[in-house]
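Visitor: File entry01.cif below, mmCIF, C-alpha atoms and all ligand atoms:
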```
data_run
#
loop_
_atom_site.label_atom_id
_atom_site.label_comp_id
_atom_site.auth_asym_id
_atom_site.auth_seq_id
_atom_site.Cartn_x
_atom_site.Cartn_y
_atom_site.Cartn_z
CA MET J 1 21.64 4.09 6.68
CA GLN J 2 23.94 3.95 9.65
CA GLN J 3 23.39 4.67 13.32
CA HIS J 4 19.73 5.43 12.70
CA ARG J 5 20.33 7.89 9.94
CA VAL J 6 19.77 7.78 6.18
CA HIS J 7 22.23 9.05 3.60
CA ARG J 8 20.81 11.51 1.11
CA LYS J 9 21.89 9.19 -1.71
CA ALA J 10 19.12 6.80 -0.68
CA TYR J 11 16.77 9.31 -2.32
CA LEU J 12 18.95 10.35 -5.26
CA ASP J 13 21.17 7.53 -6.47
CA GLU J 14 20.17 5.78 -9.73
CA GLN J 15 22.16 2.65 -8.92
CA LEU J 16 20.55 2.30 -5.50
CA PHE J 17 17.15 2.76 -7.09
CA ALA J 18 17.86 -0.05 -9.58
CA GLU J 19 18.90 -2.26 -6.66
CA GLU J 20 15.71 -1.41 -4.77
CA LEU J 21 13.66 -2.65 -7.71
CA THR J 22 15.48 -5.97 -7.90
CA GLN J 23 16.09 -6.53 -4.17
CA ILE J 24 12.81 -5.25 -2.80
CA PHE J 25 10.05 -4.84 -5.40
CA HIS J 26 10.93 -7.89 -7.50
CA ARG J 27 11.50 -10.09 -4.48
CA THR J 28 9.03 -9.42 -1.70
CA TRP J 29 5.21 -9.50 -1.72
CA ILE J 30 3.72 -6.50 -3.51
CA TYR J 31 0.06 -5.46 -3.37
CA VAL J 32 -1.45 -5.60 -6.88
CA GLY J 33 -5.15 -5.07 -6.33
CA HIS J 34 -8.29 -5.97 -4.49
CA GLU J 35 -10.52 -8.95 -5.24
CA SER J 36 -13.48 -6.61 -5.73
CA GLU J 37 -11.68 -5.05 -8.70
CA VAL J 38 -11.78 -8.42 -10.47
CA ALA J 39 -15.04 -9.66 -8.99
CA ARG J 40 -16.57 -11.24 -12.12
CA PRO J 41 -15.12 -13.72 -14.62
CA GLY J 42 -13.25 -11.72 -17.26
CA ASP J 43 -12.58 -8.71 -15.03
CA TYR J 44 -9.07 -7.36 -15.15
CA LYS J 45 -6.96 -4.44 -14.01
CA THR J 46 -3.46 -3.36 -14.95
CA THR J 47 -0.78 -2.25 -12.53
CA VAL J 48 2.95 -2.60 -11.97
CA ILE J 49 5.24 -4.60 -9.72
CA GLY J 50 8.18 -2.27 -9.35
CA ARG J 51 8.37 -1.06 -12.93
CA GLN J 52 7.17 -4.31 -14.51
CA PRO J 53 3.67 -4.04 -15.98
CA VAL J 54 1.19 -6.76 -14.99
CA ILE J 55 -2.46 -7.60 -15.57
CA VAL J 56 -4.52 -8.97 -12.70
CA THR J 57 -7.27 -11.13 -14.21
CA ARG J 58 -10.09 -13.42 -13.17
CA ASP J 59 -10.58 -16.26 -15.63
CA GLY J 60 -13.80 -18.06 -16.55
CA THR J 61 -13.43 -20.54 -13.71
CA GLY J 62 -12.92 -17.86 -11.05
CA GLY J 63 -9.14 -18.20 -10.77
CA ILE J 64 -7.04 -15.07 -10.24
CA HIS J 65 -3.87 -14.61 -12.29
CA VAL J 66 -1.15 -12.00 -12.26
CA LEU J 67 0.14 -12.01 -15.84
CA MET J 68 3.13 -10.09 -17.10
CA ASN J 69 1.84 -7.46 -19.52
CA ARG J 70 4.39 -8.35 -22.17
CA CYS J 71 3.58 -10.07 -25.45
CA THR J 72 5.61 -13.24 -25.83
CA HIS J 73 6.23 -12.30 -29.47
CA ARG J 74 8.19 -9.08 -29.52
CA ALA J 75 7.43 -7.62 -26.14
CA ALA J 76 4.62 -5.09 -26.67
CA THR J 77 2.18 -4.72 -23.80
CA VAL J 78 -1.03 -6.60 -24.61
CA CYS J 79 -3.40 -4.55 -22.45
CA GLN J 80 -3.52 -0.77 -22.25
CA ALA J 81 -6.70 -0.16 -20.27
CA ALA J 82 -6.63 0.49 -16.53
CA SER J 83 -9.45 -2.02 -16.04
CA GLY J 84 -12.23 -3.79 -17.92
CA ASN J 85 -13.77 -7.15 -18.72
CA SER J 86 -12.54 -9.40 -21.48
CA ALA J 87 -11.94 -13.07 -22.14
CA PHE J 88 -8.96 -12.21 -24.34
CA PHE J 89 -6.07 -9.78 -24.67
CA ARG J 90 -5.02 -9.04 -28.23
CA CYS J 91 -1.60 -7.59 -28.86
CA GLU J 92 -1.95 -4.76 -31.35
CA TYR J 93 1.49 -5.18 -32.85
CA HIS J 94 1.08 -8.44 -34.83
CA GLY J 95 -2.26 -9.55 -33.49
CA TRP J 96 -1.41 -12.43 -31.16
CA THR J 97 -4.32 -13.18 -28.86
CA PHE J 98 -4.11 -14.53 -25.31
CA ARG J 99 -6.81 -15.93 -23.02
CA ASN J 100 -7.31 -14.21 -19.69
CA ASN J 101 -5.49 -17.10 -18.02
CA GLY J 102 -2.43 -16.24 -20.11
CA GLU J 103 -2.59 -18.99 -22.75
CA LEU J 104 -1.77 -18.03 -26.33
CA VAL J 105 -4.77 -18.92 -28.50
CA ALA J 106 -2.73 -18.97 -31.71
CA PRO J 107 -0.36 -16.68 -33.59
CA THR J 108 -1.92 -14.76 -36.45
CA PHE J 109 -1.37 -16.12 -40.00
CA SER J 110 -0.31 -19.33 -38.31
CA ALA J 111 0.63 -21.13 -41.53
CA GLY J 112 3.90 -19.19 -41.37
CA TYR J 113 4.96 -21.06 -38.24
CA ALA J 114 6.40 -24.52 -38.71
CA PRO J 115 5.59 -26.92 -35.84
CA ALA J 116 9.30 -27.61 -35.49
CA ASP J 117 9.93 -23.95 -34.63
CA PHE J 118 6.89 -23.04 -32.66
CA SER J 119 4.25 -24.37 -30.29
CA ALA J 120 1.56 -22.06 -28.91
CA ALA J 121 1.83 -23.81 -25.55
CA GLY J 122 5.34 -22.43 -25.11
CA PHE J 123 4.25 -18.83 -25.62
CA ALA J 124 1.74 -18.20 -22.86
CA LEU J 125 2.08 -14.84 -21.09
CA ALA J 126 4.59 -15.06 -18.26
CA ARG J 127 3.09 -14.83 -14.79
CA ALA J 128 4.05 -13.87 -11.28
CA PRO J 129 5.16 -17.15 -9.73
CA ARG J 130 3.36 -16.48 -6.46
CA VAL J 131 -0.05 -14.91 -5.95
CA ASP J 132 -2.02 -14.92 -2.73
CA SER J 133 -4.59 -12.76 -1.02
CA TYR J 134 -5.40 -11.75 2.50
CA ARG J 135 -8.88 -10.48 3.45
CA GLY J 136 -9.47 -9.54 -0.21
CA LEU J 137 -6.13 -7.80 -0.78
CA ILE J 138 -4.21 -9.50 -3.61
CA PHE J 139 -0.43 -9.63 -3.46
CA ALA J 140 2.07 -11.10 -5.90
CA SER J 141 5.74 -11.94 -5.66
CA LEU J 142 8.10 -12.26 -8.59
CA ALA J 143 10.33 -14.55 -6.52
CA PRO J 144 9.44 -18.23 -6.88
CA GLY J 145 10.38 -18.96 -3.27
CA GLY J 146 10.45 -17.20 0.05
CA GLU J 147 8.17 -16.63 2.98
CA SER J 148 4.42 -16.95 2.54
CA LEU J 149 2.22 -13.88 2.29
CA ARG J 150 0.87 -14.56 5.77
CA GLU J 151 4.42 -14.71 7.15
CA HIS J 152 5.32 -11.53 5.28
CA LEU J 153 2.34 -9.65 6.69
CA GLY J 154 3.17 -10.65 10.25
CA ARG J 155 1.56 -8.27 12.72
CA ALA J 156 0.34 -5.95 9.96
CA ALA J 157 -2.40 -8.59 9.50
CA GLU J 158 -3.90 -7.63 12.88
CA TYR J 159 -4.59 -4.15 11.55
CA ILE J 160 -5.91 -5.41 8.21
CA ASP J 161 -8.30 -7.61 10.21
CA LEU J 162 -9.52 -4.61 12.22
CA THR J 163 -10.04 -2.70 8.97
CA VAL J 164 -12.03 -5.42 7.21
CA ASP J 165 -13.96 -6.75 10.21
CA LEU J 166 -15.54 -3.32 10.68
CA ALA J 167 -17.51 -3.67 7.42
CA PRO J 168 -20.98 -5.00 8.25
CA ALA J 169 -20.67 -7.83 5.71
CA GLY J 170 -17.08 -8.60 6.71
CA THR J 171 -15.57 -7.47 3.41
CA ILE J 172 -14.49 -4.16 1.94
CA ARG J 173 -14.58 -3.25 -1.72
CA LEU J 174 -13.07 -0.75 -4.07
CA GLY J 175 -15.44 0.76 -6.56
CA ALA J 176 -15.41 4.45 -5.86
CA GLY J 177 -12.68 5.03 -8.43
CA ALA J 178 -9.22 6.23 -7.60
CA HIS J 179 -7.21 9.35 -7.87
CA ARG J 180 -3.58 9.48 -8.75
CA TYR J 181 -0.95 12.06 -8.09
CA SER J 182 2.71 12.14 -8.82
CA TYR J 183 5.62 14.03 -7.38
CA ARG J 184 9.20 14.59 -8.41
CA GLY J 185 10.81 12.78 -5.55
CA ASN J 186 11.76 9.33 -4.32
CA TRP J 187 9.10 6.75 -3.43
CA LYS J 188 10.40 6.33 0.12
CA LEU J 189 9.37 9.89 1.00
CA GLN J 190 5.74 8.78 0.74
CA SER J 191 6.29 5.44 2.51
CA GLU J 192 7.91 7.30 5.42
CA ASN J 193 5.33 10.06 5.50
CA GLY J 194 2.18 7.95 5.84
CA VAL J 195 3.36 6.71 9.24
CA ASP J 196 5.03 9.94 10.37
CA GLY J 197 3.20 11.28 13.39
CA TYR J 198 5.68 14.10 13.93
CA HIS J 199 4.64 16.24 10.97
CA PRO J 200 0.83 16.62 11.15
CA ASN J 201 0.80 19.42 13.72
CA PHE J 202 3.06 21.46 11.48
CA VAL J 203 2.27 20.55 7.89
CA HIS J 204 -1.47 20.07 8.51
CA ARG J 205 -1.95 22.67 11.23
CA ALA J 206 -4.52 24.64 9.27
CA PHE J 207 -6.62 21.52 8.76
CA PHE J 208 -6.53 20.58 12.43
CA GLU J 209 -7.44 24.12 13.45
CA THR J 210 -10.31 24.54 11.02
CA SER J 211 -11.75 21.01 11.27
CA GLY J 212 -12.09 21.15 15.05
CA LEU J 213 -9.88 18.08 15.47
CA GLY J 214 -7.36 20.13 17.41
CA ALA J 215 -3.65 19.58 17.82
CA GLY J 216 -3.88 16.92 20.54
CA LEU J 217 -3.93 13.82 18.38
CA PHE J 218 -0.36 14.32 17.25
CA GLY J 219 0.78 16.62 20.02
CA PRO J 220 3.39 15.91 22.69
CA GLY J 221 0.65 14.97 25.17
CA SER J 222 -0.96 12.41 22.86
CA THR J 223 -1.33 8.87 24.16
CA GLY J 224 -1.11 7.51 20.60
CA ARG J 225 1.73 5.22 19.67
CA ALA J 226 4.05 4.87 16.71
CA GLY J 227 5.19 1.34 16.08
CA SER J 228 7.37 -0.71 13.83
CA LEU J 229 5.70 -4.09 13.51
CA GLY J 230 8.62 -6.07 12.09
CA ARG J 231 9.47 -6.78 8.41
CA GLY J 232 9.30 -3.04 7.68
CA HIS J 233 5.57 -2.71 8.41
CA ALA J 234 4.62 0.18 10.65
CA VAL J 235 1.66 1.84 12.26
CA LEU J 236 0.53 5.07 13.83
CA ASP J 237 -1.98 3.83 16.36
CA PHE J 238 -4.11 6.61 17.83
CA ARG J 239 -6.99 4.45 19.02
CA THR J 240 -6.48 5.64 22.59
CA MET J 241 -7.24 9.18 21.40
CA THR J 242 -10.32 8.34 19.35
CA ALA J 243 -11.75 5.71 21.74
CA PRO J 244 -13.71 8.14 23.98
CA MET J 245 -15.62 9.42 20.93
CA MET J 246 -16.19 5.86 19.76
CA ARG J 247 -17.34 4.76 23.23
CA ALA J 248 -19.91 7.54 23.23
CA ARG J 249 -21.08 6.41 19.81
CA LEU J 250 -21.30 2.80 21.00
CA ALA J 251 -23.51 3.88 23.88
CA THR J 252 -26.22 5.18 21.53
CA ASP J 253 -29.08 2.97 20.29
CA ASP J 254 -27.49 2.84 16.82
CA GLY J 255 -24.16 1.93 18.37
CA GLN J 256 -25.69 -0.88 20.39
CA ARG J 257 -27.44 -2.25 17.33
CA ALA J 258 -24.13 -2.18 15.41
CA LEU J 259 -22.45 -3.98 18.29
CA GLU J 260 -25.13 -6.70 18.40
CA ARG J 261 -24.89 -7.27 14.65
CA LEU J 262 -21.10 -7.46 14.68
CA ALA J 263 -20.98 -9.65 17.80
CA GLU J 264 -23.34 -12.08 16.09
CA ARG J 265 -21.28 -12.18 12.90
CA LEU J 266 -17.95 -12.57 14.68
CA GLY J 267 -19.35 -14.77 17.44
CA ASP J 268 -17.36 -12.74 19.95
CA ARG J 269 -18.72 -9.67 21.71
CA GLU J 270 -15.36 -8.60 23.10
CA ARG J 271 -13.77 -8.69 19.65
CA ALA J 272 -16.77 -6.82 18.20
CA THR J 273 -16.28 -4.08 20.79
CA GLU J 274 -12.57 -3.87 19.96
CA VAL J 275 -13.31 -3.59 16.24
CA LEU J 276 -15.92 -0.87 16.71
CA LEU J 277 -13.75 1.13 19.11
CA ALA J 278 -10.86 0.96 16.63
CA ASN J 279 -13.20 2.31 13.93
CA GLY J 280 -11.01 0.92 11.16
CA THR J 281 -8.40 3.20 9.73
CA GLN J 282 -9.96 6.17 11.46
CA GLY J 283 -8.00 4.80 14.42
CA TYR J 284 -4.63 4.05 12.83
CA ASN J 285 -2.43 4.50 9.76
CA LEU J 286 -0.84 1.30 8.48
CA LEU J 287 2.18 0.84 6.22
CA VAL J 288 2.57 -2.59 4.67
CA PHE J 289 6.18 -2.70 3.51
CA PRO J 290 7.22 -1.48 1.09
CA ASN J 291 4.51 0.47 -0.73
CA LEU J 292 0.95 -0.12 0.53
CA GLN J 293 -0.72 2.11 3.08
CA ILE J 294 -4.16 1.76 4.61
CA ILE J 295 -5.04 5.17 5.95
CA GLY J 296 -8.25 7.08 6.55
CA CYS J 297 -10.69 5.42 4.15
CA GLN J 298 -8.20 4.49 1.48
CA LEU J 299 -5.83 1.90 0.17
CA ARG J 300 -2.82 3.89 -1.02
CA VAL J 301 -0.33 2.36 -3.43
CA ILE J 302 3.05 3.97 -4.03
CA HIS J 303 4.68 3.28 -7.41
CA PRO J 304 8.34 4.12 -7.92
CA ARG J 305 8.73 5.27 -11.53
CA ALA J 306 12.27 6.61 -11.35
CA VAL J 307 14.63 7.51 -8.55
CA GLY J 308 13.11 10.98 -8.54
CA LEU J 309 9.59 10.28 -9.78
CA THR J 310 6.76 8.59 -7.88
CA GLU J 311 3.11 7.94 -8.66
CA VAL J 312 0.61 7.36 -5.90
CA ASP J 313 -2.84 5.82 -6.35
CA LEU J 314 -5.48 6.40 -3.71
CA TYR J 315 -8.43 3.99 -3.71
CA PRO J 316 -11.13 4.91 -1.21
CA TYR J 317 -12.60 1.67 0.10
CA LEU J 318 -16.24 1.05 0.90
CA HIS J 319 -17.86 -1.20 3.47
CA ASP J 320 -19.85 -4.11 2.08
CA GLY J 321 -23.20 -4.32 3.82
CA ALA J 322 -23.23 -0.61 4.77
CA GLY J 323 -25.86 1.79 3.43
CA ASP J 324 -25.12 4.32 0.69
CA GLU J 325 -25.30 7.11 3.24
CA GLU J 326 -22.50 5.63 5.34
CA ASN J 327 -20.30 4.87 2.35
CA THR J 328 -20.90 8.31 0.87
CA ALA J 329 -19.88 9.88 4.16
CA ARG J 330 -16.66 7.88 4.00
CA LEU J 331 -15.91 9.30 0.58
CA ARG J 332 -16.54 12.88 1.73
CA THR J 333 -14.23 12.35 4.71
CA HIS J 334 -11.55 11.00 2.39
CA GLU J 335 -11.85 13.95 0.01
CA ALA J 336 -11.73 16.50 2.81
CA PHE J 337 -8.19 15.56 3.73
CA TYR J 338 -6.72 13.63 0.81
CA GLY J 339 -8.59 15.01 -2.20
CA PRO J 340 -6.92 17.30 -4.77
CA SER J 341 -8.15 20.34 -2.85
CA GLY J 342 -8.18 18.56 0.51
CA GLY J 343 -6.81 19.95 3.72
CA GLY J 344 -3.92 17.52 4.05
CA GLY J 345 -2.63 15.44 1.16
CA PRO J 346 -1.46 18.26 -1.08
CA ASP J 347 0.54 19.75 1.79
CA ASP J 348 2.57 16.57 2.14
CA ILE J 349 3.53 16.76 -1.52
CA GLU J 350 4.70 20.33 -1.02
CA MET J 351 6.97 19.01 1.73
CA PHE J 352 8.35 16.31 -0.59
CA ASP J 353 9.22 19.07 -3.08
CA ARG J 354 11.04 21.00 -0.37
CA VAL J 355 12.93 17.89 0.77
CA VAL J 356 14.03 17.21 -2.80
CA GLN J 357 15.27 20.80 -3.14
CA GLY J 358 17.14 20.50 0.15
CA LEU J 359 18.69 17.17 -0.77
CA ALA J 360 20.59 18.97 -3.53
CA VAL J 361 22.82 20.46 -0.85
CA GLU J 362 26.12 18.60 -0.76
CA GLY J 363 28.21 18.28 2.34
CA VAL J 364 25.25 17.76 4.67
CA GLU J 365 24.85 14.10 3.93
CA TRP J 366 22.69 12.49 6.60
CA LEU J 367 19.04 12.59 7.68
CA PRO J 368 18.69 11.56 11.36
CA LEU J 369 15.93 9.21 12.53
CA VAL J 370 16.75 9.24 16.24
CA ARG J 371 13.62 10.78 17.69
CA GLY J 372 12.42 8.54 20.54
CA LEU J 373 15.32 6.13 20.19
CA ARG J 374 15.80 6.00 23.98
CA ARG J 375 12.15 5.34 24.77
CA GLU J 376 11.44 2.43 22.47
CA VAL J 377 9.42 -0.35 24.04
CA VAL J 378 10.22 -3.78 22.65
CA ASP J 379 7.23 -6.06 22.17
CA GLY J 380 8.27 -9.23 20.34
CA GLU J 381 9.00 -8.26 16.74
CA ALA J 382 7.41 -4.87 17.30
CA ARG J 383 8.85 -1.74 18.86
CA TRP J 384 6.69 1.08 20.12
CA GLY J 385 7.26 4.74 20.76
CA HIS J 386 5.33 7.95 21.23
CA ILE J 387 3.18 8.82 18.23
CA THR J 388 5.64 11.55 17.24
CA ASP J 389 8.66 9.22 17.38
CA GLU J 390 10.56 8.00 14.35
CA GLN J 391 10.14 4.35 15.25
CA PRO J 392 8.17 3.53 12.04
CA GLN J 393 10.93 5.00 9.89
CA ARG J 394 13.64 3.11 11.78
CA GLY J 395 11.70 -0.13 11.28
CA PHE J 396 11.19 0.63 7.59
CA TYR J 397 14.91 1.22 7.00
CA HIS J 398 15.86 -1.79 9.07
CA GLN J 399 13.94 -3.98 6.61
CA TRP J 400 15.27 -1.95 3.67
CA LEU J 401 18.80 -2.74 4.84
CA GLN J 402 18.01 -6.41 5.30
CA LEU J 403 16.82 -6.69 1.72
CA MET J 404 19.41 -4.40 0.16
CA GLY J 405 22.33 -6.04 1.95
CA ALA J 406 23.75 -5.05 5.27
CA SER J 407 26.76 -3.36 3.67
CA ARG J 408 24.85 -0.11 3.12
FE1 LIG X 501 2.77 -8.90 -29.85
FE2 LIG X 501 4.10 -9.12 -32.11
S1 LIG X 501 4.68 -8.04 -30.33
S2 LIG X 501 2.15 -9.84 -31.64
FE FE X 502 0.68 14.29 6.10
#
```
Transcribe the structure of this file into C-alpha cells.
Guide:
Amino acid sequence: MQQHRVHRKAYLDEQLFAEELTQIFHRTWIYVGHESEVARPGDYKTTVIGRQPVIVTRDGTGGIHVLMNRCTHRAATVCQAASGNSAFFRCEYHGWTFRNNGELVAPTFSAGYAPADFSAAGFALARAPRVDSYRGLIFASLAPGGESLREHLGRAAEYIDLTVDLAPAGTIRLGAGAHRYSYRGNWKLQSENGVDGYHPNFVHRAFFETSGLGAGLFGPGSTGRAGSLGRGHAVLDFRTMTAPMMRARLATDDGQRALERLAERLGDRERATEVLLANGTQGYNLLVFPNLQIIGCQLRVIHPRAVGLTEVDLYPYLHDGAGDEENTARLRTHEAFYGPSGGGGPDDIEMFDRVVQGLAVEGVEWLPLVRGLRREVVDGEARWGHITDEQPQRGFYHQWLQLMGASR
C-alpha cells in the first residue's frame, strides 16, 4: 500500500498472509463470540483466532474463558462441536480430560506418570491471555499486553452502543443460528466490501430496483457518509437517508410508546430519540477491525483460512425484550438480502471471484483507493467522506500498515 493504493500481492502473497496472522490476528483484539452463546454454566462454542482454534466457555462460577483448543498432551483438539454444554472436554486421542476452566483433571492410566516427571497443574489448556467484552460482544487477544479492548474499539463503540441500546431490554442475543459461506479469495476482500458504499448501486442494482428501496441510498446525491473511525474501524452511515422514514414511524402511537419506554430505560429522552432514529444497523454498516462487521441484522465474522480461502459466519442477532413477531421480521429482512438465495450477499461473492480472476493479471500491479481523497473531512481520529468514497478502505489499510510495519 503506497499513495492510497494496494498492491495485488496483498491478496495473493503467502508470506504476507503469514505475517497478517502474526501481526494482526494474533496481536490485536479479535471477536470470538457473544455472551448469549455461552449464557449458562457449561455452555461453550468453538471458533478461531486467526487460524488458532479456541473454545469459549462459561465455567460453573460464571467466568468466561477463551481456551486454546489444543490438548496439552500431543496436541489434538479436545472439542470438535460448534457449540454445546459440558463441564469437561475429553481428548479422544489418549483420553485426557479437562474442566471447562481449562484445568487438567488427571491423565488417563495415571500410574504411568511419576510425580517427578509430571504434575497435572502444569498441563492445563493454554488460554488467551486477555479476554474482555463490550455490550455482550466477547473479544480475546493473544498478546499479553497492549491497549485495552475499550481503547481498541475507540469510536466504533458509539455504533455498538446504538445497536445494543435499540433492543427493548438493552441487550441483543444470538440464537437464531448462523449461516456460513466461503469463497476462494483473500479475507480483506470481505472486510473492504462490508463498508464499501460505491458498489451497491451496481452489484445490487436488481435488489434495489425490485425491493422499492431505489438507488438513492448509495447514489451520488445521497447524504450518507463513509467514515474511517481510527484504528482501522469504519462505517457507512446512512442515517440521514433513513431518518425521515424513522421520524414518521416515531410519530405513530406505537412509535411514541417505544420512545417512552426507551427514554425511561436510558433516562434520557434525547438519547432515546437518537437511538430510535438510527434504527440500529438498519442505519449504518460497521466494520470493527480487522474481521467483525455489524450490518443489517447480523454480526458477521470473517475467518482467514488461507491467503486465497475465507470463511464467513453470519449470525443474525435478536433484540432481547422484543416480541417474536419483531424478531421474526428481523430474520426475514436478513434472509432477503444476505441469505443463500438473497438479493445481495451472493452477488458480492461473485464479485470476489471476479477480482481474484483479475488479480492473476501481472503487470497491472496496483488497486487505487483514491475516490474522495480530496474531500475528506477530518474529525479527530475519524475522517469522513461521501458514502461512495473509499475513506473506509483507506482507514482500514492505514491500520493494516501500522500493524504490518510501515515498510510495506
Ligand atoms: Fe490428547 Fe493425547 S493428544 S490425550
Ligand atoms: Fe454488497
Visitor: Using only C-alpha atoms, which residue out of J:Ala82, J:Ala178, J:Leu213, J:Leu12 lies closest to Val355 in chain J?
Guide: J:Leu12
Visitor: Between J:Ala124, J:Ala248, J:Ala226, J:Leu277, which has the minimum distance to ligand LIG 501 (chain X) (counting all atoms listed in the file)?
Guide: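 Once distances to ligand LIG 501 (chain X) are computed over all atoms listed in the file, the minimum belongs to J:Ala124.
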Visitor: Which residues are close to Tyr159 in chain J, i.e. within 12 Å by all atoms listed in the file, leaving aside same-chain residues fewer than 5 positions away? Reply as number ranges by chain.
Guide: J: 134-135, 153-154, 164-166, 229, 233-237, 239, 274-275, 278-288, 293-295
Visitor: Record the distance separating CA of Gly185 in chain J and CA of Tyr11 in chain J, expressed in Å with one decimal.
Guide: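 Value for the CA of Gly185 in chain J-CA of Tyr11 in chain J distance: 7.6 Å.
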Visitor: Between J:Val56, J:Ala75, J:Leu318, J:Leu67, which is the closest to ligand LIG 501 (chain X) once you count only C-alpha atoms and all ligand atoms?
Guide: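 Going through J:Val56, J:Ala75, J:Leu318, J:Leu67 one by one, the smallest distance to ligand LIG 501 (chain X) is for J:Ala75.
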Visitor: Do you know which residues are within 12 Å of ligand LIG 501 (chain X) using only C-alpha atoms and all ligand atoms? Can you write them as a ChimeraX atom specification?
Guide: /J:69-79,89-98,104-110,123-125
Visitor: Determine the nearest neighbour of ligand FE 502 (chain X) from the options J:Phe289, J:Phe118, J:Phe25, J:Phe337, counting only C-alpha atoms and all ligand atoms.
Guide: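 Smallest distance to ligand FE 502 (chain X) is found for J:Phe337.
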Visitor: Could the residues of chain J that have an atom at most 7 Å from ligand FE 502 (chain X) be listed as a tab-separated table, each with its closest atom pair and the distance in Å to one decimal, counting only C-alpha atoms and all ligand atoms and ordered by chain and ascending residue number?
Guide:
```
residue	atom	partner	partner_atom	distance
J:Asn193	CA	X:FE502	FE	6.3
J:Gly194	CA	X:FE502	FE	6.5
J:His199	CA	X:FE502	FE	6.6
J:Pro200	CA	X:FE502	FE	5.6
J:Val203	CA	X:FE502	FE	6.7
J:His204	CA	X:FE502	FE	6.6
J:Gly344	CA	X:FE502	FE	6.0
J:Gly345	CA	X:FE502	FE	6.1
J:Asp347	CA	X:FE502	FE	7.0
J:Asp348	CA	X:FE502	FE	4.9
```
Visitor: Restore all heavy atoms in range 310-315 of chain J and list the result as a PDB file, in the frame of the given file.
Guide:
```
ATOM      1  N   THR J 310       7.627   9.554  -8.569  1.00  0.00           N
ATOM      2  CA  THR J 310       6.760   8.590  -7.880  1.00  0.00           C
ATOM      3  C   THR J 310       5.310   8.878  -8.249  1.00  0.00           C
ATOM      4  O   THR J 310       4.903  10.034  -8.332  1.00  0.00           O
ATOM      5  CB  THR J 310       6.935   8.724  -6.349  1.00  0.00           C
ATOM      6  OG1 THR J 310       8.322   8.550  -6.038  1.00  0.00           O
ATOM      7  CG2 THR J 310       6.111   7.696  -5.597  1.00  0.00           C
ATOM      8  N   GLU J 311       4.558   7.803  -8.472  1.00  0.00           N
ATOM      9  CA  GLU J 311       3.110   7.940  -8.660  1.00  0.00           C
ATOM     10  C   GLU J 311       2.412   7.276  -7.490  1.00  0.00           C
ATOM     11  O   GLU J 311       2.852   6.221  -7.021  1.00  0.00           O
ATOM     12  CB  GLU J 311       2.671   7.258  -9.958  1.00  0.00           C
ATOM     13  CG  GLU J 311       2.950   8.117 -11.176  1.00  0.00           C
ATOM     14  CD  GLU J 311       2.574   7.421 -12.469  1.00  0.00           C
ATOM     15  OE1 GLU J 311       2.028   6.300 -12.416  1.00  0.00           O
ATOM     16  OE2 GLU J 311       2.845   8.010 -13.519  1.00  0.00           O
ATOM     17  N   VAL J 312       1.340   7.890  -7.049  1.00  0.00           N
ATOM     18  CA  VAL J 312       0.610   7.360  -5.900  1.00  0.00           C
ATOM     19  C   VAL J 312      -0.856   7.243  -6.283  1.00  0.00           C
ATOM     20  O   VAL J 312      -1.456   8.196  -6.788  1.00  0.00           O
ATOM     21  CB  VAL J 312       0.759   8.303  -4.675  1.00  0.00           C
ATOM     22  CG1 VAL J 312       0.111   7.682  -3.442  1.00  0.00           C
ATOM     23  CG2 VAL J 312       2.231   8.608  -4.398  1.00  0.00           C
ATOM     24  N   ASP J 313      -1.416   6.058  -6.072  1.00  0.00           N
ATOM     25  CA  ASP J 313      -2.840   5.820  -6.350  1.00  0.00           C
ATOM     26  C   ASP J 313      -3.586   5.708  -5.031  1.00  0.00           C
ATOM     27  O   ASP J 313      -3.202   4.912  -4.165  1.00  0.00           O
ATOM     28  CB  ASP J 313      -3.033   4.509  -7.119  1.00  0.00           C
ATOM     29  CG  ASP J 313      -2.469   4.566  -8.525  1.00  0.00           C
ATOM     30  OD1 ASP J 313      -2.392   5.673  -9.085  1.00  0.00           O
ATOM     31  OD2 ASP J 313      -2.115   3.501  -9.064  1.00  0.00           O
ATOM     32  N   LEU J 314      -4.645   6.479  -4.901  1.00  0.00           N
ATOM     33  CA  LEU J 314      -5.480   6.400  -3.710  1.00  0.00           C
ATOM     34  C   LEU J 314      -6.823   5.773  -4.093  1.00  0.00           C
ATOM     35  O   LEU J 314      -7.507   6.289  -4.975  1.00  0.00           O
ATOM     36  CB  LEU J 314      -5.748   7.790  -3.117  1.00  0.00           C
ATOM     37  CG  LEU J 314      -4.553   8.706  -2.845  1.00  0.00           C
ATOM     38  CD1 LEU J 314      -5.038   9.969  -2.132  1.00  0.00           C
ATOM     39  CD2 LEU J 314      -3.506   8.005  -2.008  1.00  0.00           C
ATOM     40  N   TYR J 315      -7.151   4.673  -3.457  1.00  0.00           N
ATOM     41  CA  TYR J 315      -8.430   3.990  -3.710  1.00  0.00           C
ATOM     42  C   TYR J 315      -9.261   4.064  -2.446  1.00  0.00           C
ATOM     43  O   TYR J 315      -9.006   3.297  -1.505  1.00  0.00           O
ATOM     44  CB  TYR J 315      -8.202   2.511  -4.028  1.00  0.00           C
ATOM     45  CG  TYR J 315      -7.348   2.226  -5.244  1.00  0.00           C
ATOM     46  CD1 TYR J 315      -5.962   2.115  -5.144  1.00  0.00           C
ATOM     47  CD2 TYR J 315      -7.938   2.039  -6.490  1.00  0.00           C
ATOM     48  CE1 TYR J 315      -5.184   1.826  -6.251  1.00  0.00           C
ATOM     49  CE2 TYR J 315      -7.163   1.753  -7.609  1.00  0.00           C
ATOM     50  CZ  TYR J 315      -5.785   1.653  -7.479  1.00  0.00           C
ATOM     51  OH  TYR J 315      -5.016   1.363  -8.571  1.00  0.00           O
TER      52      TYR J 315
END
```
